[in-house]
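Single-structure report; data block below.
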Amino acid sequence: MTARSMNANSSTESMASAMNLNDLANLGQIIGALAVMISLFYVAHQIRQNTNAVRSATAQTVHEHFASWYHLLAADAELSQVVVNGLRDYASLSERDKARFIATFMAFLSYSQNAFLKWREGMLEPALWMGWELLIMNLVSSAGGKGFWKERGYLFGEEFRRHVEDDLMKRTPHPDARPMGAFSIGPRAE
């Protein structure tokens, strides 16, 4: 073998060797890209699971707030009567009863505002919100609820106030709407 052919063989071997290293580098990049894609799918799945868990916890908290409000009324017959009287005719309440009504109804509307904001953020399912929204509408649409809101609505956030004033209070209540089950506010069937 001549020096020239030995040099050519050596050059061919190093070229084949370099191509193999290049091919291995490309293969490594492909494997790395696939690993990144699998990781991204896993992270997306984890985020979706976390979002569902947060939504579930939010719904539970909203329901617990409203349930605690109802339990408060159920445990105190006198307070229940104050609330019914206040919803019927807010202006006629004595000073003592008005203070109790304000404290009780402020708690309810604070829970309502929280639920509203959670719904707006997408953290409360629309079907769950709709039930609470109808309840809010029934209470603020009563004569006493309107009087209370006129006096105290400014205490709530602008977005919630607009929703109550520009939507809920302008809706026609369901014919069977009866705040606290005590009196009708819906249009009378003839």
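Please note that chains go A, B, ... in the order of the structure tokens, that every chain numbers its residues from 1, and that ligands are numbered from 1 in the order shown.
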Distance query Leu134 in chain A at most 12 Å, only C-alpha atoms, self and fewer than 5 positions along chain excluded, as a tab-separated table (two decimals) with C-alpha atoms, in the first residue's frame:
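For reference, selection.tsv as written:
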chain	number	residue	atom	x	y	z
A	112	SER	CA	-72.50	36.11	48.22
A	116	PHE	CA	-69.68	35.88	42.84
A	127	ALA	CA	-74.45	25.53	37.70
A	128	LEU	CA	-73.48	25.95	41.37
A	129	TRP	CA	-73.37	29.74	41.08
A	139	LEU	CA	-83.42	38.21	49.09
A	140	VAL	CA	-82.26	41.51	47.58
A	141	SER	CA	-85.44	41.79	45.51
A	164	VAL	CA	-76.79	43.14	41.96
A	167	ASP	CA	-78.97	42.46	36.81
A	168	LEU	CA	-80.37	40.73	39.89
A	169	MET	CA	-82.63	43.53	41.10
A	171	ARG	CA	-85.02	40.45	37.00
A	172	THR	CA	-88.56	39.29	37.49
A	173	PRO	CA	-88.55	36.86	40.42
A	174	HIS	CA	-89.80	33.34	39.89
A	176	ASP	CA	-92.68	30.76	43.60
A	177	ALA	CA	-89.95	33.04	45.04
A	178	ARG	CA	-90.44	33.29	48.80
A	179	PRO	CA	-87.55	34.81	50.78
**OP:** Would you list the contacts of range 81-86 of chain A as an MDAnalysis selection string, taking every protein, DNA or RNA residue within 8 Å and counting only C-alpha atoms, but skipping same-chain residues closer than 4 positions in sequence?
**Re:** chainID A and resid 77 90:93 97:98 100:101 104:105 144:145 179:180 182
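Using only C-alpha atoms, the nearest neighbour of Gly131 in chain A within the list A:Leu73, A:Met106, A:Val54, A:Ala115 is A:Ala115.
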Original post:
Pick from A:Met123, A:Met130, A:Ile185, A:Ala75: nearest to Gln60 in chain A, with only C-alpha atoms counted?
Top reply: A:Met123
Original post:
If you measure from CA of Val43 in chain A to CA of Gln29 in chain A, what distance in Å do you get, rounded to one decimal?
Top reply: 20.9 Å
Subject >> Residues within 10 Å of Leu155 in chain A, only C-alpha atoms, excluding chain neighbours under 4 positions, as a ChimeraX atom specification >> reply: /A:106,110,149,151,161
